[in-house]
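Take a look at the structure below.
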Amino acid sequence: MESRFPILAKTMLAPTIARVIVGAPLVARKARAGNFIIVRVTEAGERIPLTIVDADPAGGTITLIVQAVGKTTKLLCALQQGDVLRDVVGPLGNPTPIVGCGIVACVGGGVGTAELYPIARALHQAGTIVHAIIGARTRELVILEREMAACSTSLAVTTDDGSYGRRGVVTDALGDLLAGTPEVGAVYAIGPLVMMKAVVDLVRPLGLATYVSLNAIMVDGTGMCGGCRVTVNGQMKFACVDGPEFDGTAVDFDELIVRNRSYADLERIGDQRLTCELASAGTETR
Amino acid sequence: MTGVNTLRPAERLKIPRQQAIERPPEERCRTFQEVSLGFDEERALVEASRCLECKDAACVKGCPVNVDIRGFIELLLARDHLGAINRIREANALPAVCGRVCPQETQCELMCVLGKKYTPIAIGKLERFAADYEIRHGLLLPPPRAQPGGEQVAIVGSGPSGLACAADLARLGYRVTIFEALHAPGGVLRYGIPEFRLPREVLDLEIQRIEALGVEIVTNVVVGKTATIDELFEEWRFAAVYLATGAGTPHFMGIPGENLVGVYSANEFLTRVNLMQAHRFPDFDTPIKVGRTVAVIGGGNTAVDAVRTARRLGAQQAYLIYRRSRDEMPARREEILHAEEEGVRFILLTTPIRILGGPDNRVCGIECQRIALGEPDMTGRRTPMPIPGSEFILPVQTVIEAIGARVNPIIQTTTPGLESDARGTVVTDETKRTSRPGVFAGGDLARGGATVILAMRDGRVAAASIDEYLRARRQAAHPVGAAAGNVG
């Protein structure tokens, strides 16, 4: 019954962003672009959803890219090659429908670029012309630039502080792209909710299809808890089984933004406790 | 006439029904320790001596898996407690669970002839006593392992139905693998039923005992996603599959305000606590939030479990809002009484019409409407009819909806040729065969929301059908006296 999933390799893409390759043969052979897994790092840990960035069915591995923002993601980023994840289950959610034609824009914000990358790559491999835009707060948080460039016809990078690429946010670059390339027929946007909302607001008047991937709070990831419910077109949907990808123009982002902050205060407590634990562990070894 | 019981029937009638030992309400409503402590040996023996030893024991017919109730009570009286539990186990693979969670008052105890004029035998408590005796005395020995030589059978879902099916198939010599989507086995017994009704150690021991039969449980596999039914046959070489994934997808009422922060499905609320141990935050990482005042909507066991859990998580005031009357609540009687003792307030003949939120989008109240009961509907229960003008608002910070669940559609949508009805319930015949050869289904997945014991009965029926199916297949592959070359 012991089901542990080894970390076979780990590299830091940025000071707080890790790329982790995990042995999970059953997940690897079924993973498609857009799928996610639920991970539990430790026996006392919570279950969190993470996008499958890449999968190697032959080698039995999946790739995750994780930004250390809360307790669970910090724990995950602190693991090393040879450590194990307590539980991995998937692939969950509906894969992104990949249509091999036309011209699309793929917009990634922050660590959302990691979730966008497998979709952009699958679209590119299927023959779609991809124009990519990736944004981050600052230079060191820009990830997967080379990988995104390899599967796109054009790539724009934005940083909030102007330390790299264009100064500004992804919607600035997207506005220019759509103005200069009117043939773009669809937009894929993955990143923070406020970013996806801004993209949708920009694109809506143009009547383009806009796909977003929603990272709602969930427990089981199989439709059992209903915690990940989102309002799409005025109807209740579960992000885990009805999504995670939805038509962005129909999503009630404001509601989801509030819902995703449901536990913000408790998450801080867990996070502080981890910081204390790590600090005291540090002093003990000294 | 075996004559273990020396009392004459008239004397037996005079003995009152024995009461289980219980933790006092004021002590228990802040902890997750088990509420009922069951019978000690003395009470068990007195209670067992009330049995009239009916020749044609009606109680046995009232049990969905036909436990030999009369027989095990007689063994208890003879102080052969181990004999008693083994007798129960012939029909029921999870006696320590069923002794605690079965609705005995509508099953075996309803049929007990004593109940007609007096009070029925406390069959559930006696079953629990026998099961606990075995555990307490470390007698829970691994049962004899059957010689595994049979075909491989896959069971999808490790809830009561899957476990019961697995136990029977393993005893018949099949190699059984149970696939569980979550990280721990037990299904609803793990994520749904709270520890104060079913301690985790008891559940773990019961499951370990089924594993000791040679059953393998593989967690973290979502059949339909991680592997499809077709792949289980073609790549994993299973000869038959039993689907028992339950009814795990929560219903929501469809009233305004359900997506406010502070509204939970009972599934989520109970899963966070039972499976994820949110009540032990921050020692465990999963958070949960309960306001000072909590409203739970529904009248079934899940609703009562949720409202009692909310009390234990610190709710000062916990309401249970149900649209019919107390007598019509589907929950187990004992749990309703326990909830009342623990200070839960029942708001009956009432239905919520709107959840109210503050400017921060958090729940701040629930608007309800009074209900009058009309004519009986098709199920025989009177139809609730809202009374116009009777609306009122309860200030609450947390709302938990426990109005039922439907089946999870993952398997039906990934299995070509598997017939299900409009609600997604998998269609089976009475032997639990589905429209796909070699695929069987039971429990809530095939019957809609029901009880642990009915799910277990389905598991047992399915096990017998699977055995029959595989025997027939073997027979067809190697027909006795068939000419060589005619095989397959």
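By order of appearance in the structure tokens: chains A, B, ..., then residues from 1 within every chain, and ligands from 1 in the order shown.
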Using only C-alpha atoms, find each residue in chain A having at least one atom no more than 9 Å away from chain B; report its shortest atom-to-atom pair and that distance in Å (one decimal), rows by chain then rising number, as a Markdown table.
```
| residue | atom | partner | partner_atom | distance |
| --- | --- | --- | --- | --- |
| A:Met1 | CA | B:Val218 | CA | 5.8 |
| A:Glu2 | CA | B:Thr219 | CA | 8.3 |
| A:Ser3 | CA | B:Thr219 | CA | 7.1 |
| A:Leu26 | CA | B:Thr226 | CA | 6.2 |
| A:Val27 | CA | B:Thr226 | CA | 6.1 |
| A:Arg29 | CA | B:Thr226 | CA | 8.5 |
| A:Lys30 | CA | B:Thr226 | CA | 6.6 |
| A:Ala31 | CA | B:Thr226 | CA | 8.7 |
| A:Arg40 | CA | B:His183 | CA | 8.7 |
| A:Glu43 | CA | B:Phe284 | CA | 8.5 |
| A:Ala44 | CA | B:Phe284 | CA | 4.7 |
| A:Gly45 | CA | B:Asp285 | CA | 5.1 |
| A:Glu46 | CA | B:Thr286 | CA | 4.9 |
| A:Arg47 | CA | B:Thr286 | CA | 7.8 |
| A:Lys71 | CA | B:Asp285 | CA | 8.1 |
| A:Thr72 | CA | B:Asp285 | CA | 8.0 |
| A:Arg86 | CA | B:His183 | CA | 8.8 |
| A:Asp87 | CA | B:His183 | CA | 6.6 |
| A:Val88 | CA | B:Asn220 | CA | 6.5 |
| A:Val89 | CA | B:Asn220 | CA | 4.9 |
| A:Gly90 | CA | B:Thr226 | CA | 5.8 |
| A:Pro91 | CA | B:Thr226 | CA | 6.1 |
| A:Leu92 | CA | B:Lys225 | CA | 6.6 |
| A:Gly93 | CA | B:Lys225 | CA | 8.7 |
| A:Met218 | CA | B:Glu268 | CA | 8.9 |
| A:Val219 | CA | B:Glu268 | CA | 7.4 |
| A:Asp220 | CA | B:Leu182 | CA | 7.0 |
| A:Thr222 | CA | B:Ile410 | CA | 8.1 |
| A:Gly223 | CA | B:Thr249 | CA | 5.8 |
| A:Met224 | CA | B:Thr249 | CA | 4.7 |
| A:Cys225 | CA | B:Glu268 | CA | 4.2 |
| A:Gly226 | CA | B:Ser265 | CA | 6.5 |
| A:Gly227 | CA | B:Glu268 | CA | 6.5 |
| A:Arg229 | CA | B:Asn259 | CA | 7.4 |
| A:Val230 | CA | B:Asn259 | CA | 7.7 |
| A:Thr231 | CA | B:Asn259 | CA | 8.1 |
| A:Met236 | CA | B:Asn259 | CA | 8.6 |
| A:Val241 | CA | B:Ile410 | CA | 8.3 |
| A:Glu255 | CA | B:Asn259 | CA | 7.6 |
| A:Leu256 | CA | B:Asn259 | CA | 8.8 |
| A:Val258 | CA | B:Asn361 | CA | 7.2 |
| A:Arg259 | CA | B:Val261 | CA | 5.8 |
| A:Arg261 | CA | B:Val261 | CA | 8.8 |
| A:Ser262 | CA | B:Val261 | CA | 6.1 |
| A:Tyr263 | CA | B:Pro287 | CA | 7.0 |
| A:Leu266 | CA | B:Pro287 | CA | 6.6 |
| A:Glu267 | CA | B:Pro287 | CA | 7.6 |
| A:Ile269 | CA | B:Pro282 | CA | 7.5 |
| A:Gly270 | CA | B:Pro282 | CA | 5.9 |
| A:Arg273 | CA | B:Pro282 | CA | 8.1 |
```
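Omitting stretch 27-30 of chain B and its sequence neighbours fewer than 4 positions away, and counting only C-alpha atoms, the residues within 9 Å are Arg23, Glu34, Val35, Phe196, Arg308, Thr309, Arg311, Arg312, Leu313, Gly314, Glu342 and Gly343 of chain B.
When only C-alpha atoms are used to measure the gap to A:Asp271, the shortest distance among A:Ala68, A:Val170, A:Ala58, A:Ile52 belongs to A:Ala68.
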So which residues touch stretch 123-138 of chain A within 8 Å, counting only C-alpha atoms, skipping near sequence neighbours fewer than 6 positions away, as a ChimeraX atom specification? /A:98-110,113,145,148-149,151-164,169-170,173-174
What separation in Å, quoted to one decimal, exists between atom CA of B:Ser325 and atom CA of B:Ile347? 9.1 Å
